file query_34.pdb (PDB, C-alpha atoms)
ATOM      1  CA  GLU F1032       0.000   0.000   0.000
ATOM      2  CA  VAL F1033       1.353   3.420  -0.911
ATOM      3  CA  VAL F1034       0.621   6.202   1.525
ATOM      4  CA  ARG F1035       0.628   9.611  -0.054
ATOM      5  CA  THR F1036       1.181  12.792   1.875
ATOM      6  CA  SER F1037      -1.742  15.108   1.848
ATOM      7  CA  PRO F1038      -0.978  18.231  -0.169
ATOM      8  CA  ARG F1039      -1.747  20.415   2.821
ATOM      9  CA  HIS F1040       1.085  18.722   4.756
ATOM     10  CA  ARG F1041       3.665  19.054   2.027
ATOM     11  CA  PRO F1042       6.150  21.914   2.433
ATOM     12  CA  THR F1043       5.476  24.373  -0.341
ATOM     13  CA  ARG F1044       8.145  26.348  -2.152
ATOM     14  CA  PRO F1045       7.279  29.559  -0.267
ATOM     15  CA  MET F1046       7.577  27.670   3.038
ATOM     16  CA  LEU F1047      10.958  26.257   2.062
ATOM     17  CA  SER F1048      12.102  29.719   1.046
ATOM     18  CA  VAL F1049      11.081  31.118   4.426
ATOM     19  CA  VAL F1050      12.959  28.351   6.268
ATOM     20  CA  ALA F1051      16.062  28.854   4.154
ATOM     21  CA  ALA F1052      15.902  32.604   4.668
ATOM     22  CA  THR F1053      15.536  32.106   8.430
ATOM     23  CA  VAL F1054      18.585  29.829   8.528
ATOM     24  CA  ARG F1055      20.635  32.279   6.480
ATOM     25  CA  CYS F1056      19.541  35.097   8.763
ATOM     26  CA  GLY F1057      20.575  33.104  11.841
ATOM     27  CA  VAL F1058      23.975  32.324  10.363
ATOM     28  CA  ALA F1059      24.460  35.955   9.378
ATOM     29  CA  ARG F1060      23.539  37.116  12.891
ATOM     30  CA  ALA F1061      25.977  34.632  14.449
ATOM     31  CA  ARG F1062      28.767  35.805  12.168
ATOM     32  CA  HIS F1063      27.952  39.432  12.920
ATOM     33  CA  ALA F1064      27.978  38.729  16.658
ATOM     34  CA  ALA F1065      31.359  37.006  16.346
ATOM     35  CA  ARG F1066      32.765  39.933  14.353
ATOM     36  CA  SER F1067      31.346  42.401  16.878
ATOM     37  CA  ALA F1068      32.893  40.489  19.784
ATOM     38  CA  ASP F1069      36.251  40.372  17.997
ATOM     39  CA  SER F1070      36.039  44.096  17.215
ATOM     40  CA  ALA F1071      35.292  44.868  20.859
ATOM     41  CA  ARG F1072      38.276  42.789  21.953
ATOM     42  CA  ARG F1073      40.538  44.560  19.474
ATOM     43  CA  ALA F1074      39.309  47.969  20.640
ATOM     44  CA  TYR F1075      40.505  47.362  24.204
ATOM     45  CA  ALA F1076      43.445  45.049  23.464
ATOM     46  CA  TYR F1077      47.178  45.733  23.661
ATOM     47  CA  SER F1078      48.067  49.132  22.187
ATOM     48  CA  PRO F1079      51.569  49.614  20.699
ATOM     49  CA  THR F1080      51.446  53.347  21.538
ATOM     50  CA  PHE F1081      50.400  52.983  25.179
ATOM     51  CA  VAL F1082      53.791  54.314  26.340
ATOM     52  CA  SER F1083      53.861  57.921  25.161
ATOM     53  CA  GLY F1084      56.315  58.861  22.450
ATOM     54  CA  VAL F1085      57.160  55.326  21.350
ATOM     55  CA  SER F1086      55.591  52.603  19.210
ATOM     56  CA  LEU F1087      56.060  48.959  20.238
ATOM     57  CA  PRO F1088      54.456  46.576  17.731
ATOM     58  CA  LEU F1089      53.585  43.154  19.085
ATOM     59  CA  PRO F1090      56.721  40.970  18.674
ATOM     60  CA  THR F1091      56.619  37.901  16.446
ATOM     61  CA  VAL F1092      58.362  34.516  16.694
ATOM     62  CA  SER F1093      60.285  33.031  13.782
ATOM     63  CA  ASN F1094      59.187  29.683  12.326
ATOM     64  CA  VAL F1095      56.177  29.354  14.631
ATOM     65  CA  ASP F1096      52.572  29.539  13.467
ATOM     66  CA  THR F1097      50.547  31.462  16.012
ATOM     67  CA  LYS F1098      47.035  32.791  16.327
ATOM     68  CA  LEU F1099      46.550  36.365  17.477
ATOM     69  CA  ILE F1100      44.207  36.597  20.467
ATOM     70  CA  HIS F1101      42.948  39.885  21.904
ATOM     71  CA  HIS F1102      41.592  40.641  25.369
ATOM     72  CA  PRO F1103      41.194  43.863  27.357
ATOM     73  CA  HIS F1104      44.642  45.426  27.909
ATOM     74  CA  PHE F1105      46.603  42.511  26.432
ATOM     75  CA  SER F1106      47.153  40.391  23.326
ATOM     76  CA  LEU F1107      48.684  36.951  22.779
ATOM     77  CA  ARG F1108      50.434  35.117  19.968
ATOM     78  CA  PHE F1109      49.131  31.656  20.758
ATOM     79  CA  ASP F1110      50.712  28.441  19.467
ATOM     80  CA  THR F1111      47.825  25.978  19.140
ATOM     81  CA  ARG F1112      50.223  23.055  18.587
ATOM     82  CA  ARG F1113      52.074  23.590  21.847
ATOM     83  CA  ARG F1114      48.989  25.089  23.503
ATOM     84  CA  ILE F1115      50.843  28.072  24.894
ATOM     85  CA  ALA F1116      51.236  31.785  24.215
ATOM     86  CA  MET F1117      54.657  32.257  22.642
ATOM     87  CA  VAL F1118      54.420  36.027  23.145
ATOM     88  CA  ALA F1119      52.184  38.096  25.393
ATOM     89  CA  ALA F1120      51.997  41.893  25.330
ATOM     90  CA  ALA F1121      50.185  43.926  27.975
ATOM     91  CA  ASN F1122      49.495  47.559  28.772
ATOM     92  CA  VAL F1123      49.851  47.764  32.537
ATOM     93  CA  LYS F1124      49.369  50.294  35.319
ATOM     94  CA  SER F1125      50.335  50.329  38.954
ATOM     95  CA  HIS F1126      46.914  51.590  40.058
ATOM     96  CA  GLN F1127      44.525  48.651  40.238
ATOM     97  CA  ARG F1128      40.835  48.162  40.827
ATOM     98  CA  SER F1129      39.541  45.399  43.078
ATOM     99  CA  LEU F1130      39.985  42.138  41.215
ATOM    100  CA  PRO F1131      37.420  39.368  40.790
ATOM    101  CA  SER F1132      38.105  35.956  42.280
ATOM    102  CA  ARG F1133      40.050  33.518  40.134
ATOM    103  CA  ASP F1134      37.988  31.511  37.685
ATOM    104  CA  TYR F1135      40.056  29.484  35.228
ATOM    105  CA  ASP F1136      38.205  28.722  32.029
ATOM    106  CA  PHE F1137      38.574  27.978  28.323
ATOM    107  CA  ASP F1138      39.148  30.798  25.867
ATOM    108  CA  ASP F1139      36.579  30.773  23.065
ATOM    109  CA  SER F1140      39.156  32.340  20.737
ATOM    110  CA  VAL F1141      40.544  28.851  20.063
ATOM    111  CA  GLU F1142      39.220  25.311  20.316
ATOM    112  CA  GLU F1143      39.104  23.708  23.767
ATOM    113  CA  TYR F1144      41.300  20.806  22.661
ATOM    114  CA  GLU F1145      43.994  23.363  21.787
ATOM    115  CA  GLN F1146      44.265  24.466  25.442
ATOM    116  CA  TYR F1147      45.748  22.775  28.512
ATOM    117  CA  ASP F1148      43.098  22.893  31.209
ATOM    118  CA  ASN F1149      42.983  22.161  34.931
ATOM    119  CA  VAL F1150      43.545  18.403  34.624
ATOM    120  CA  TRP F1151      47.137  19.197  33.632
ATOM    121  CA  TYR F1152      47.726  20.934  36.983
ATOM    122  CA  ALA F1153      47.072  18.250  39.586
ATOM    123  CA  GLY F1154      49.315  19.902  42.162
ATOM    124  CA  GLY F1155      51.192  18.341  45.054
ATOM    125  CA  ASP F1156      53.764  15.612  44.604
ATOM    126  CA  ALA F1157      51.804  14.193  41.671
ATOM    127  CA  ASP F1158      52.446  17.248  39.535
ATOM    128  CA  PRO F1159      55.096  19.887  40.350
ATOM    129  CA  PHE F1160      53.848  22.370  37.744
ATOM    130  CA  ASP F1161      51.877  25.454  38.738
ATOM    131  CA  LYS F1162      49.607  27.665  36.657
ATOM    132  CA  GLY F1163      51.857  30.500  35.522
ATOM    133  CA  HIS F1164      50.329  33.656  34.056
ATOM    134  CA  MET F1165      51.974  35.025  30.931
ATOM    135  CA  VAL F1166      50.174  38.307  31.614
ATOM    136  CA  ARG F1167      50.091  39.058  35.314
ATOM    137  CA  ARG F1168      46.453  39.594  36.305
ATOM    138  CA  MET F1169      47.067  42.291  38.921
ATOM    139  CA  THR F1170      48.821  44.578  36.425
ATOM    140  CA  VAL F1171      45.999  44.627  33.860
ATOM    141  CA  GLY F1172      43.183  45.152  36.356
ATOM    142  CA  TRP F1173      42.933  48.910  35.774
ATOM    143  CA  GLY F1174      40.304  51.219  34.262
ATOM    144  CA  ARG F1175      36.794  50.385  33.129
ATOM    145  CA  GLN F1176      37.979  47.174  31.479
ATOM    146  CA  GLY F1177      40.044  46.152  34.501
ATOM    147  CA  ARG F1178      37.795  43.417  35.839
ATOM    148  CA  ALA F1179      37.248  41.995  32.354
ATOM    149  CA  ALA F1180      41.005  42.022  31.788
ATOM    150  CA  ALA F1181      41.642  40.238  35.086
ATOM    151  CA  ARG F1182      39.062  37.580  34.234
ATOM    152  CA  ALA F1183      40.576  37.134  30.761
ATOM    153  CA  SER F1184      44.011  36.646  32.312
ATOM    154  CA  ASP F1185      42.666  33.470  33.951
ATOM    155  CA  LEU F1186      41.735  31.886  30.618
ATOM    156  CA  TRP F1187      43.820  28.861  29.698
ATOM    157  CA  THR F1188      45.403  30.617  26.718
ATOM    158  CA  ASN F1189      47.216  32.896  29.184
ATOM    159  CA  ILE F1190      48.372  30.064  31.456
ATOM    160  CA  ALA F1191      51.759  28.365  31.093
ATOM    161  CA  PRO F1192      53.389  25.521  33.042
ATOM    162  CA  HIS F1193      55.767  26.765  35.751
ATOM    163  CA  HIS F1194      57.655  24.357  37.961
ATOM    164  CA  SER F1195      56.473  25.278  41.461
ATOM    165  CA  ARG F1196      59.983  26.089  42.695
ATOM    166  CA  PHE F1197      60.727  28.215  39.647
ATOM    167  CA  HIS F1198      57.355  29.912  40.033
ATOM    168  CA  ASN F1199      57.970  30.860  43.654
ATOM    169  CA  ASP F1200      61.612  31.825  43.257
ATOM    170  CA  GLU F1201      62.998  33.040  39.919
ATOM    171  CA  TRP F1202      59.689  34.066  38.363
ATOM    172  CA  ARG F1203      58.528  35.867  41.479
ATOM    173  CA  THR F1204      61.879  37.657  41.541
ATOM    174  CA  VAL F1205      61.484  38.999  38.008
ATOM    175  CA  GLU F1206      57.831  39.924  38.400
ATOM    176  CA  GLY F1207      58.678  41.732  41.624
ATOM    177  CA  ALA F1208      61.442  43.694  39.889
ATOM    178  CA  ILE F1209      59.080  44.732  37.094
ATOM    179  CA  LEU F1210      56.398  45.800  39.565
ATOM    180  CA  ARG F1211      58.917  47.940  41.471
ATOM    181  CA  LEU F1212      60.020  49.641  38.246
ATOM    182  CA  LEU F1213      56.390  50.265  37.382
ATOM    183  CA  LYS F1214      55.645  51.864  40.728
ATOM    184  CA  SER F1215      58.875  53.779  41.335
ATOM    185  CA  ARG F1216      60.221  54.744  37.906
ATOM    186  CA  ALA F1217      57.482  54.662  35.270
ATOM    187  CA  HIS F1218      55.829  57.982  34.406
ATOM    188  CA  GLY F1219      52.190  57.820  35.427
ATOM    189  CA  GLY F1220      52.757  54.310  36.755
ATOM    190  CA  LYS F1221      52.198  52.866  33.289
ATOM    191  CA  ALA F1222      54.252  50.649  30.987
ATOM    192  CA  SER F1223      54.089  47.921  28.386
ATOM    193  CA  VAL F1224      55.193  44.489  29.558
ATOM    194  CA  PHE F1225      56.080  41.526  27.335
ATOM    195  CA  THR F1226      56.443  37.847  28.172
ATOM    196  CA  GLY F1227      57.569  34.933  26.034
ATOM    197  CA  ALA F1228      58.206  31.204  26.138
ATOM    198  CA  TYR F1229      61.239  29.442  24.665
ATOM    199  CA  PHE F1230      61.429  25.785  23.622
ATOM    200  CA  ASP F1231      64.723  24.052  22.859
ATOM    201  CA  ASP F1232      63.840  20.994  20.794
ATOM    202  CA  ALA F1233      67.388  19.694  21.231
ATOM    203  CA  LYS F1234      66.881  19.595  25.003
ATOM    204  CA  LYS F1235      63.211  18.819  25.408
ATOM    205  CA  ILE F1236      61.663  18.895  28.866
ATOM    206  CA  PHE F1237      58.433  16.989  29.451
ATOM    207  CA  ASP F1238      55.719  17.053  32.060
ATOM    208  CA  ASP F1239      54.472  13.477  32.278
ATOM    209  CA  LYS F1240      52.851  13.777  35.716
ATOM    210  CA  HIS F1241      49.729  15.630  34.740
ATOM    211  CA  GLY F1242      47.181  13.087  35.970
ATOM    212  CA  VAL F1243      45.652  12.450  32.541
ATOM    213  CA  ARG F1244      45.588   8.778  31.647
ATOM    214  CA  ASN F1245      46.786   7.714  28.226
ATOM    215  CA  SER F1246      47.579  11.293  27.226
ATOM    216  CA  PRO F1247      50.770  12.337  25.438
ATOM    217  CA  LYS F1248      53.499  13.988  27.403
ATOM    218  CA  ARG F1249      53.430  17.762  27.472
ATOM    219  CA  GLN F1250      56.591  19.564  26.442
ATOM    220  CA  VAL F1251      57.279  22.506  28.747
ATOM    221  CA  PRO F1252      59.381  25.605  27.993
ATOM    222  CA  ASN F1253      63.132  25.538  28.616
ATOM    223  CA  ALA F1254      63.038  29.220  29.496
ATOM    224  CA  TYR F1255      60.840  32.273  29.703
ATOM    225  CA  TRP F1256      61.705  35.882  28.983
ATOM    226  CA  LYS F1257      60.164  39.108  30.150
ATOM    227  CA  ALA F1258      60.552  42.802  29.276
ATOM    228  CA  ILE F1259      59.240  46.149  30.425
ATOM    229  CA  VAL F1260      59.245  49.418  28.451
ATOM    230  CA  TYR F1261      58.307  52.682  30.151
ATOM    231  CA  LYS F1262      58.880  56.424  30.182
ATOM    232  CA  ASP F1263      61.158  57.397  33.060
ATOM    233  CA  LYS F1264      59.342  59.907  35.260
ATOM    234  CA  HIS F1265      62.606  61.579  36.314
ATOM    235  CA  THR F1266      64.350  61.946  32.950
ATOM    236  CA  ASN F1267      61.456  61.492  30.487
ATOM    237  CA  ALA F1268      63.645  59.010  28.596
ATOM    238  CA  THR F1269      62.287  55.738  27.282
ATOM    239  CA  ARG F1270      63.663  52.824  29.290
ATOM    240  CA  ASP F1271      63.566  49.127  28.487
ATOM    241  CA  VAL F1272      64.689  46.229  30.675
ATOM    242  CA  TYR F1273      64.836  42.555  29.640
ATOM    243  CA  PHE F1274      65.070  39.320  31.610
ATOM    244  CA  TRP F1275      65.932  35.763  30.569
ATOM    245  CA  VAL F1276      64.749  33.157  33.067
ATOM    246  CA  PRO F1277      65.862  29.520  32.611
ATOM    247  CA  HIS F1278      63.165  26.941  33.342
ATOM    248  CA  ASP F1279      65.051  23.699  33.960
ATOM    249  CA  ALA F1280      66.788  21.706  36.683
ATOM    250  CA  SER F1281      69.087  24.647  37.395
ATOM    251  CA  THR F1282      66.166  26.777  38.594
ATOM    252  CA  TRP F1283      63.936  24.130  40.165
ATOM    253  CA  ASP F1284      65.440  24.805  43.577
ATOM    254  CA  TYR F1285      63.963  26.985  46.327
ATOM    255  CA  ASP F1286      67.427  27.850  47.598
ATOM    256  CA  ASN F1287      68.758  29.331  44.382
ATOM    257  CA  GLU F1288      71.014  32.070  45.736
ATOM    258  CA  ASP F1289      71.670  33.313  42.212
ATOM    259  CA  ALA F1290      68.028  34.332  41.946
ATOM    260  CA  THR F1291      67.429  36.137  45.220
ATOM    261  CA  VAL F1292      69.303  37.604  48.132
ATOM    262  CA  ASP F1293      66.747  37.200  50.888
ATOM    263  CA  GLY F1294      64.355  34.663  49.413
ATOM    264  CA  HIS F1295      61.697  37.260  48.678
ATOM    265  CA  GLY F1296      62.681  38.229  45.155
ATOM    266  CA  ASN F1297      64.494  41.481  45.908
ATOM    267  CA  VAL F1298      67.261  41.046  43.341
ATOM    268  CA  ALA F1299      66.807  40.173  39.674
ATOM    269  CA  SER F1300      69.829  41.861  38.121
ATOM    270  CA  ASN F1301      71.602  38.562  37.436
ATOM    271  CA  MET F1302      68.732  37.556  35.119
ATOM    272  CA  LYS F1303      68.872  40.736  33.065
ATOM    273  CA  GLU F1304      69.702  40.241  29.407
ATOM    274  CA  GLU F1305      70.160  42.269  26.231
ATOM    275  CA  ARG F1306      67.283  42.427  23.786
ATOM    276  CA  ASP F1307      69.445  41.196  20.912
ATOM    277  CA  VAL F1308      70.438  38.122  22.905
ATOM    278  CA  ILE F1309      66.793  37.239  23.580
ATOM    279  CA  ALA F1310      65.941  37.845  19.932
ATOM    280  CA  THR F1311      68.672  35.441  18.843
ATOM    281  CA  ARG F1312      68.016  32.746  21.438
ATOM    282  CA  ALA F1313      64.239  32.665  21.208
ATOM    283  CA  GLY F1314      63.790  33.752  17.591
ATOM    284  CA  VAL F1315      61.790  36.783  18.690
ATOM    285  CA  GLN F1316      61.493  39.659  16.249
ATOM    286  CA  PHE F1317      61.058  43.122  17.738
ATOM    287  CA  ASP F1318      60.333  44.722  14.377
ATOM    288  CA  GLY F1319      59.614  48.441  14.464
ATOM    289  CA  TRP F1320      60.979  48.957  17.963
ATOM    290  CA  PRO F1321      63.318  51.913  18.603
TER     291      PRO F1321
END

call {"tool": "encode", "arguments": {"input": "query_34.pdb", "output": "structure tokens"}}
result
Amino acid sequence: EVVRTSPRHRPTRPMLSVVAATVRCGVARARHAARSADSARRAYAYSPTFVSGVSLPLPTVSNVDTKLIHHPHFSLRFDTRRRIAMVAAANVKSHQRSLPSRDYDFDDSVEEYEQYDNVWYAGGDADPFDKGHMVRRMTVGWGRQGRAAARASDLWTNIAPHHSRFHNDEWRTVEGAILRLLKSRAHGGKASVFTGAYFDDAKKIFDDKHGVRNSPKRQVPNAYWKAIVYKDKHTNATRDVYFWVPHDASTWDYDNEDATVDGHGNVASNMKEERDVIATRAGVQFDGWP
């Protein structure tokens, strides 16, 4: 027996046209919303001219494919293969608003599988790697976009693996030095701060204690670098200071006397480095910088 659909139940051409038009409209609205969100991010993202009188284009990394990600007050060049920001650039100020509580989450700028999430940071003896911020949340929490910037700094695209001893010794030393420069030397308490990760494929370091069963080992950086550029409030000259911070067995020691004098990160001069040296070692290009 053949059952025929009643004509009144068959979709007519006008009905199909309406459905198709509705779908196209929905897709167009979604694309427009995505473009609007991206435009808003770009509007408040890292500005190369934040430090008066100087232009500091976002550095690039040779031979590495990265995706540019924008958030309030900072931008990232994110390597989706290694799942880490190879370069982070932030416009920072010493005057901060009250910050929201930490809330680590995925960044919708890239796919979730391209980000290392909380399961890779088990903590304790099972996993010695801490969540390190490429952009320090307390330094971008200023102005009307301050709280949004602080929340964005807790997205996984801004998080990098730091050995806990490195994190609480060498890295704290350098971040403390930069914060002191920002507060005591920078005109208006403002500066641009840059952070990068360096991988040496000839001396790979792996984190294989992440608590994820049957997952591949995660390669972690062999070193990180950091830089601050500001206008000196006493001389009005543009100042730039660079740091190279090894991230290996040599720095995974709480009692590293080369890093600090009193254990609280009050000396970082021994980790200072020339910009050209960092450019050569890490393949970073500071094109357009003075």

call {"tool": "resolve_selection", "arguments": {"input": "query_34.pdb", "expression": "the PyMOL selection byres ((chain F and resi 1165) around 8)", "output": "ChimeraX atom specification"}}
result
/F:1116,1119,1163-1164,1166-1167,1189-1191,1226-1227

call {"tool": "residues_around", "arguments": {"input": "query_34.pdb", "residues": "F:Ser1223", "least_positions_apart": "3", "cutoff": "6 Å", "atoms": "only C-alpha atoms", "output": "list in words"}}
result
Ala1121, Asn1122, Val1123, Ile1259 and Val1260 of chain F

call {"tool": "resolve_selection", "arguments": {"input": "query_34.pdb", "expression": "the PyMOL selection byres ((chain F and resi 1182) around 8)", "output": "PyMOL selection string"}}
result
chain F and resi 1131+1133-1134+1168+1178-1181+1183-1186

call {"tool": "resolve_selection", "arguments": {"input": "query_34.pdb", "expression": "the PyMOL selection byres ((chain F and resi 1090-1105) around 6)", "output": "VMD selection string"}}
result
chain F and resid 1072 to 1073 1075 to 1077 1089 1106 to 1110 1120 to 1122 1180 1314 to 1317

call {"tool": "residues_around", "arguments": {"input": "query_34.pdb", "residues": "F:Trp1283", "least_positions_apart": "2", "cutoff": "7 Å", "atoms": "only C-alpha atoms", "output": "JSON, numbers by chain"}}
result
{"F": [1194, 1196, 1197, 1279, 1280, 1281, 1285]}

call {"tool": "closest_residue", "arguments": {"input": "query_34.pdb", "among": "F:Asn1149, F:Tyr1135, F:Gln1127, F:Lys1221", "to": "F:Asp1263", "atoms": "only C-alpha atoms"}}
result
F:Lys1221

call {"tool": "residues_around", "arguments": {"input": "query_34.pdb", "residues": "stretch 1301-1309 of chain F", "least_positions_apart": "3", "cutoff": "6 Å", "atoms": "all atoms listed in the file", "output": "compact mmCIF listing (two decimals) with C-alpha atoms, in the coordinates of the input"}}
result
# COMPACT_ATOMS: atom_id res chain seq x y z
CA TYR F 1273 64.84 42.56 29.64
CA PHE F 1274 65.07 39.32 31.61
CA TRP F 1275 65.93 35.76 30.57
CA ARG F 1312 68.02 32.75 21.44
CA ALA F 1313 64.24 32.66 21.21
